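Participant: What follows is target_28.txt, compact mmCIF, C-alpha atoms.
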```txt
# COMPACT_ATOMS: atom_id res chain seq x y z
CA MET A 1 -8.88 7.32 -12.30
CA ARG A 2 -7.85 10.26 -14.46
CA TRP A 3 -9.50 12.69 -12.01
CA ALA A 4 -7.60 11.13 -9.06
CA ARG A 5 -4.30 11.25 -10.98
CA ASP A 6 -4.93 14.92 -11.88
CA ARG A 7 -5.57 15.78 -8.21
CA ALA A 8 -2.34 14.01 -7.22
CA ARG A 9 -0.35 15.90 -9.85
CA GLU A 10 -1.87 19.25 -8.72
CA ALA A 11 -0.97 18.45 -5.09
CA GLY A 12 2.55 17.36 -6.03
CA LEU A 13 1.90 13.83 -4.82
CA PRO A 14 3.23 10.76 -6.57
CA SER A 15 0.65 8.14 -7.53
CA VAL A 16 1.17 4.51 -8.41
CA SER A 17 2.01 3.78 -12.03
CA PRO A 18 -0.54 2.01 -14.24
CA GLY A 19 1.65 -1.13 -14.06
CA THR A 20 1.76 -1.04 -10.27
CA GLY A 21 -1.98 -0.46 -10.17
CA ALA A 22 -2.60 -3.46 -12.44
CA ALA A 23 -0.37 -5.60 -10.21
CA LEU A 24 -2.26 -4.47 -7.09
CA ARG A 25 -5.59 -5.23 -8.72
CA MET A 26 -4.38 -8.70 -9.71
CA LEU A 27 -2.89 -9.42 -6.27
CA ALA A 28 -6.10 -8.36 -4.51
CA ALA A 29 -8.08 -10.64 -6.84
CA THR A 30 -5.66 -13.54 -6.37
CA ALA A 31 -5.97 -13.20 -2.59
CA ASP A 32 -9.79 -13.04 -2.94
CA ALA A 33 -9.39 -10.02 -0.69
CA LYS A 34 -12.30 -9.03 1.48
CA ALA A 35 -10.31 -6.81 3.86
CA VAL A 36 -7.42 -4.63 2.67
CA ALA A 37 -5.45 -2.06 4.66
CA GLU A 38 -3.74 0.77 2.79
CA ILE A 39 -1.07 3.00 4.33
CA GLY A 40 -1.10 6.27 2.41
CA THR A 41 -4.44 7.15 0.82
CA GLY A 42 -3.08 9.81 -1.50
CA THR A 43 -5.87 10.90 -3.85
CA GLY A 44 -7.25 7.39 -4.28
CA VAL A 45 -5.39 6.04 -7.31
CA SER A 46 -4.05 2.89 -5.61
CA GLY A 47 -7.32 2.47 -3.71
CA ILE A 48 -9.32 2.33 -6.95
CA HIS A 49 -7.02 -0.40 -8.27
CA LEU A 50 -7.29 -2.37 -5.02
CA LEU A 51 -11.08 -2.04 -4.90
CA HIS A 52 -11.36 -3.28 -8.49
CA GLY A 53 -9.46 -6.44 -7.50
CA MET A 54 -11.27 -7.06 -4.21
CA ARG A 55 -14.41 -9.10 -3.69
CA PRO A 56 -17.65 -7.15 -4.29
CA ASP A 57 -18.32 -7.19 -0.54
CA GLY A 58 -14.74 -6.20 0.36
CA VAL A 59 -13.80 -3.15 2.40
CA LEU A 60 -10.67 -1.06 1.96
CA THR A 61 -9.38 0.55 5.17
CA THR A 62 -7.17 3.46 4.18
CA VAL A 63 -5.00 5.51 6.53
CA ASP A 64 -3.49 8.91 5.80
CA PRO A 65 -2.36 11.82 8.00
CA GLU A 66 -4.00 14.33 5.62
CA PRO A 67 -7.84 14.34 5.79
CA GLU A 68 -8.12 16.55 2.67
CA ARG A 69 -6.38 13.85 0.62
CA GLN A 70 -8.91 11.37 1.90
CA GLN A 71 -11.68 13.68 0.69
CA PHE A 72 -10.19 13.52 -2.82
CA ALA A 73 -10.04 9.72 -2.55
CA ARG A 74 -13.65 9.53 -1.32
CA GLN A 75 -14.77 11.52 -4.39
CA ALA A 76 -12.61 9.40 -6.70
CA PHE A 77 -14.05 6.14 -5.30
CA ARG A 78 -17.59 7.45 -5.72
CA ALA A 79 -16.85 8.58 -9.30
CA ALA A 80 -15.41 5.12 -10.03
CA GLY A 81 -18.75 3.61 -9.00
CA PHE A 82 -17.90 2.23 -5.55
CA ALA A 83 -20.52 2.43 -2.82
CA GLY A 84 -19.63 4.49 0.25
CA ASN A 85 -19.49 1.40 2.46
CA ARG A 86 -16.63 -0.11 0.40
CA ALA A 87 -14.00 2.16 2.00
CA ARG A 88 -13.23 3.15 5.57
CA PHE A 89 -11.13 6.31 5.87
CA ILE A 90 -9.05 6.76 9.02
CA PRO A 91 -7.12 10.02 9.34
CA GLY A 92 -3.91 9.88 11.32
CA ARG A 93 -0.32 8.66 11.35
CA ALA A 94 -0.15 5.02 10.29
CA LEU A 95 1.88 3.97 13.34
CA ASP A 96 -0.79 5.46 15.61
CA VAL A 97 -3.70 3.88 13.70
CA LEU A 98 -2.42 0.41 12.75
CA PRO A 99 -2.15 -0.91 16.34
CA ARG A 100 -5.93 -0.39 16.66
CA LEU A 101 -6.72 -2.66 13.67
CA ALA A 102 -7.60 -6.34 14.16
CA ASP A 103 -4.88 -8.99 14.39
CA GLY A 104 -5.10 -11.42 11.47
CA GLY A 105 -8.06 -9.52 10.03
CA TYR A 106 -6.61 -8.53 6.66
CA ASP A 107 -5.97 -10.30 3.37
CA LEU A 108 -3.62 -7.64 1.97
CA VAL A 109 -1.72 -4.65 3.36
CA PHE A 110 -0.44 -2.06 0.87
CA CYS A 111 2.27 0.25 2.21
CA ASP A 112 2.81 3.55 0.41
CA GLY A 113 3.56 5.81 3.34
CA ASP A 114 6.66 7.27 4.97
CA ARG A 115 9.67 5.26 3.78
CA LEU A 116 11.44 5.96 7.07
CA GLU A 117 8.75 3.90 8.82
CA SER A 118 8.82 0.93 6.41
CA LEU A 119 10.27 -1.55 8.92
CA GLU A 120 7.58 -0.61 11.43
CA TYR A 121 4.93 -1.02 8.70
CA LEU A 122 6.30 -4.50 8.03
CA ALA A 123 5.98 -5.48 11.70
CA GLU A 124 2.42 -4.15 11.88
CA SER A 125 1.53 -5.84 8.58
CA LEU A 126 2.68 -9.24 9.85
CA ARG A 127 0.36 -8.81 12.82
CA LEU A 128 -2.56 -7.63 10.69
CA LEU A 129 -2.34 -10.32 7.98
CA ARG A 130 -3.98 -13.71 8.03
CA PRO A 131 -1.78 -16.66 7.00
CA GLY A 132 -1.60 -16.55 3.20
CA GLY A 133 -2.13 -12.79 3.18
CA LEU A 134 0.04 -10.37 1.21
CA VAL A 135 2.06 -7.32 2.15
CA CYS A 136 3.19 -4.95 -0.62
CA PHE A 137 5.54 -1.96 -0.51
CA GLU A 138 5.53 0.68 -3.26
CA GLY A 139 8.64 2.52 -4.44
CA VAL A 140 11.39 0.21 -3.21
CA PHE A 141 13.69 1.02 -6.15
CA ALA A 142 13.74 4.67 -4.98
CA ASP A 143 14.45 5.81 -8.56
CA GLY A 144 17.34 3.32 -8.76
CA ARG A 145 19.02 4.53 -5.58
CA THR A 146 18.58 1.28 -3.62
CA VAL A 147 21.12 -0.40 -5.90
CA ASP A 148 23.41 2.61 -6.34
CA SER A 149 26.72 2.16 -4.52
CA GLY A 150 27.22 5.83 -3.65
CA PRO A 151 26.26 7.49 -0.36
CA GLN A 152 22.49 7.51 0.07
CA PRO A 153 19.93 9.40 2.16
CA VAL A 154 18.39 7.76 5.23
CA GLU A 155 15.17 6.81 3.39
CA VAL A 156 17.15 4.70 0.89
CA LEU A 157 19.10 3.04 3.70
CA ARG A 158 15.77 2.20 5.38
CA LEU A 159 14.48 0.68 2.12
CA ARG A 160 17.60 -1.47 1.92
CA GLU A 161 16.94 -2.63 5.50
CA LEU A 162 13.34 -3.44 4.52
CA LEU A 163 14.46 -5.46 1.49
CA ARG A 164 16.94 -7.39 3.65
CA ALA A 165 14.37 -8.01 6.41
CA VAL A 166 11.77 -9.34 3.97
CA ARG A 167 14.32 -11.50 2.13
CA GLU A 168 15.65 -13.01 5.37
CA SER A 169 12.29 -13.50 7.11
CA GLN A 170 11.24 -17.09 7.74
CA ASP A 171 7.61 -15.85 7.91
CA LEU A 172 7.47 -14.50 4.35
CA ILE A 173 7.73 -15.68 0.76
CA PRO A 174 8.92 -12.55 -1.12
CA SER A 175 9.03 -11.31 -4.68
CA LEU A 176 10.19 -7.98 -6.07
CA LEU A 177 8.04 -6.96 -9.04
CA PRO A 178 9.71 -4.59 -11.54
CA VAL A 179 6.65 -2.40 -12.04
CA GLY A 180 6.54 1.34 -11.43
CA ASP A 181 9.29 2.21 -8.97
CA GLY A 182 9.46 -1.34 -7.63
CA LEU A 183 6.72 -3.28 -5.84
CA LEU A 184 7.99 -5.52 -3.05
CA CYS A 185 5.43 -8.22 -2.28
CA ALA A 186 5.50 -11.05 0.22
CA VAL A 187 3.07 -13.77 1.29
CA LYS A 188 2.77 -14.49 5.01
CA ARG A 189 3.32 -18.18 5.77
```
Let me see whether you can do it: turn the structure in this file into structure tokens.

Facilitator:
Amino acid sequence: MRWARDRAREAGLPSVSPGTGAALRMLAATADAKAVAEIGTGTGVSGIHLLHGMRPDGVLTTVDPEPERQQFARQAFRAAGFAGNRARFIPGRALDVLPRLADGGYDLVFCDGDRLESLEYLAESLRLLRPGGLVCFEGVFADGRTVDSGPQPVEVLRLRELLRAVRESQDLIPSLLPVGDGLLCAVKR
């Protein structure tokens, strides 16, 4: 975990906080997750947490547009003791890759990609999840900007739209966990 966090810091990439990681591990365990999709591999920090919570025969499918980041994650997973067959790495833009994944084939979808695409990730997640499955979005507080009344950049406006869409959806039971920079979670009915 430390190695993966160090690689993220060197690359200037944010990684999930220890609290967010613990929440992801617990949510994956609660869902008895066998199949998890992750949008945004990073250097593998969130993936390690998810894998620790998943069933021993579970597979993490992780999507990232940067193959070199996925190489870091592959090394981090191996160093954390996970067999090579526990993770499937798919390079590419999430919105190009997700439509090729199986409908209803996932227990949990973790979204930590481009905030401008969060509403599209939500739509794809609803298709990918089985009933009772979980979707989680990292960073929805946007360093406190989602509740700030001043003018905001487009990414914050998109996060507000995401929060509203999840709250108003009849297909989801949501909760906003105050860990890290905000972890929005919802169970698919």

Participant: Show me, as a ChimeraX atom specification, the residues that have an atom within 10 Å of A:Gly132 when counting all atoms listed in the file, minus same-chain residues fewer than 4 positions from it.

Facilitator: /A:31,107-108,172-173,186-189

Participant: Taking only residues of stretch 14-100 of chain A that have an atom at most 10 Å from an atom of stretch 138-142 of chain A, what is each one's shortest atom pair and its distance in Å to one decimal, using all atoms listed in the file, in chain and number order, as CSV?

Facilitator:
```
residue,atom,partner,partner_atom,distance
A:Ser15,CA,A:Glu138,CA,9.9
A:Val16,CA,A:Glu138,CA,7.8
A:Ser17,CA,A:Glu138,CA,9.9
A:Thr20,CA,A:Glu138,CA,8.1
```

Participant: Have a look at atom CA of A:Leu183 and atom CA of A:Arg78 and let me know their distance in Å, one decimal.

Facilitator: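 Rounded to one decimal, the two atoms are 26.6 Å apart.
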
Participant: Can you tell me how far atom CA of A:Ala76 sits from atom CA of A:Ala4, in Å to one decimal?

Facilitator: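 Atom-to-atom, atom CA of A:Ala76 and atom CA of A:Ala4 are spaced 5.8 Å apart.
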
Participant: Of the candidates A:Gly81, A:Pro56, A:Pro91, A:Pro131, which shows the shortest atom-to-atom distance to A:Asp103, using all atoms listed in the file?

Facilitator: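 Checking each of A:Gly81, A:Pro56, A:Pro91, A:Pro131 against A:Asp103, counting all atoms listed in the file, the winner is A:Pro131.
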
Participant: Quick one: residues within 10 Å of (-5.5, -8.7, -7.3) (file frame), counting only C-alpha atoms, please, as number ranges by chain.

Facilitator: A: 21-33, 49-55, 108

Participant: For A:Ser125, list every protein, DNA or RNA residue within 9 Å, evaluated using only C-alpha atoms, and leave out those in the same chain fewer than 4 positions away; present the list as a PyMOL selection string.

Facilitator: chain A and resi 37+98+106+108-111+120-121+129+134-135

Participant: Box in all listed atoms of stretch 80-87 of chain A, axis-aligned, with 6 Å more on each side; write out centre and edge lengths in Å to one decimal as AutoDock Vina command-line options.

Facilitator:
```
--center_x -17.3 --center_y 2.5 --center_z -3.8 --size_x 18.5 --size_y 17.2 --size_z 24.5
```

Participant: Separation of atom CA of A:Leu116 and atom CA of A:Glu155, in Å?

Facilitator: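 Between these atoms lies a distance of 5.3 Å.
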
Participant: Quick one: residues within 9 Å of A:Thr41, only C-alpha atoms, excluding same-chain residues fewer than 6 positions away - as a list in words?

Facilitator: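 Using only C-alpha atoms, the neighbours found are Gly47, Thr62, Val63, Asp64, Pro65, Glu66, Arg69, Gln70, Ala73, Phe89, Asp112 and Gly113 of chain A.
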
Participant: For stretch 46-132 of chain A of the block above, can you save C-alpha atoms as a short mmCIF file (atom, residue, chain, number, x, y, z; two decimals), in the first residue's frame?

Facilitator:
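Dumped to selection_14.cif:
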```
data_model
loop_
_atom_site.label_atom_id
_atom_site.label_comp_id
_atom_site.auth_asym_id
_atom_site.auth_seq_id
_atom_site.Cartn_x
_atom_site.Cartn_y
_atom_site.Cartn_z
CA SER A 46 -8.23 1.78 -4.09
CA GLY A 47 -7.91 -1.55 -5.90
CA ILE A 48 -5.94 -3.06 -3.00
CA HIS A 49 -8.67 -1.98 -0.57
CA LEU A 50 -11.40 -3.40 -2.81
CA LEU A 51 -9.56 -6.69 -3.31
CA HIS A 52 -9.10 -7.07 0.46
CA GLY A 53 -12.87 -6.80 0.90
CA MET A 54 -13.87 -9.04 -2.00
CA ARG A 55 -14.39 -12.78 -1.90
CA PRO A 56 -11.18 -14.83 -2.33
CA ASP A 57 -12.36 -15.86 -5.81
CA GLY A 58 -13.41 -12.31 -6.77
CA VAL A 59 -12.08 -10.41 -9.77
CA LEU A 60 -11.53 -6.66 -9.97
CA THR A 61 -11.97 -5.18 -13.45
CA THR A 62 -10.15 -1.87 -13.52
CA VAL A 63 -10.29 0.70 -16.32
CA ASP A 64 -7.86 3.56 -16.87
CA PRO A 65 -6.79 5.55 -19.95
CA GLU A 66 -3.13 5.39 -18.85
CA PRO A 67 -1.55 1.90 -19.27
CA GLU A 68 1.56 2.92 -17.29
CA ARG A 69 -0.61 3.57 -14.24
CA GLN A 70 -2.05 0.12 -14.62
CA GLN A 71 1.49 -1.28 -14.60
CA PHE A 72 2.05 0.38 -11.21
CA ALA A 73 -1.23 -1.10 -9.97
CA ARG A 74 -0.32 -4.57 -11.28
CA GLN A 75 2.96 -4.41 -9.31
CA ALA A 76 1.17 -3.10 -6.21
CA PHE A 77 -1.42 -5.91 -6.33
CA ARG A 78 1.32 -8.51 -6.70
CA ALA A 79 3.30 -6.98 -3.80
CA ALA A 80 0.12 -7.05 -1.68
CA GLY A 81 -0.09 -10.81 -2.26
CA PHE A 82 -2.89 -10.99 -4.84
CA ALA A 83 -2.66 -13.57 -7.61
CA GLY A 84 -2.50 -12.24 -11.17
CA ASN A 85 -5.94 -13.65 -11.99
CA ARG A 86 -7.62 -11.47 -9.31
CA ALA A 87 -7.49 -8.33 -11.48
CA ARG A 88 -8.36 -7.61 -15.10
CA PHE A 89 -6.77 -4.43 -16.46
CA ILE A 90 -8.49 -2.71 -19.38
CA PRO A 91 -6.75 0.36 -20.80
CA GLY A 92 -8.99 2.98 -22.35
CA ARG A 93 -11.52 5.71 -21.66
CA ALA A 94 -14.19 4.46 -19.26
CA LEU A 95 -17.07 5.52 -21.50
CA ASP A 96 -15.57 3.49 -24.36
CA VAL A 97 -14.90 0.40 -22.19
CA LEU A 98 -17.94 0.21 -19.87
CA PRO A 99 -20.50 -0.49 -22.64
CA ARG A 100 -18.59 -3.71 -23.40
CA LEU A 101 -18.98 -5.04 -19.82
CA ALA A 102 -21.81 -7.43 -18.90
CA ASP A 103 -25.23 -6.11 -17.90
CA GLY A 104 -26.02 -7.01 -14.29
CA GLY A 105 -22.66 -8.73 -13.91
CA TYR A 106 -21.18 -6.64 -11.10
CA ASP A 107 -21.66 -6.43 -7.34
CA LEU A 108 -19.94 -3.05 -6.92
CA VAL A 109 -18.83 -0.25 -9.23
CA PHE A 110 -16.30 2.26 -7.87
CA CYS A 111 -16.07 5.53 -9.80
CA ASP A 112 -12.90 7.58 -9.40
CA GLY A 113 -12.48 8.89 -12.92
CA ASP A 114 -13.22 12.12 -14.77
CA ARG A 115 -15.70 14.13 -12.68
CA LEU A 116 -17.13 15.66 -15.86
CA GLU A 117 -18.34 12.17 -16.85
CA SER A 118 -19.89 11.26 -13.48
CA LEU A 119 -23.50 11.26 -14.72
CA GLU A 120 -22.54 8.95 -17.57
CA TYR A 121 -20.71 6.69 -15.10
CA LEU A 122 -23.89 6.54 -13.03
CA ALA A 123 -25.95 5.45 -16.04
CA GLU A 124 -23.42 2.77 -16.97
CA SER A 125 -23.17 1.62 -13.34
CA LEU A 126 -26.93 1.10 -13.11
CA ARG A 127 -26.72 -1.14 -16.16
CA LEU A 128 -23.70 -3.05 -14.86
CA LEU A 129 -24.97 -3.67 -11.32
CA ARG A 130 -27.07 -6.58 -10.16
CA PRO A 131 -30.04 -5.71 -7.91
CA GLY A 132 -28.58 -5.09 -4.45
#
```
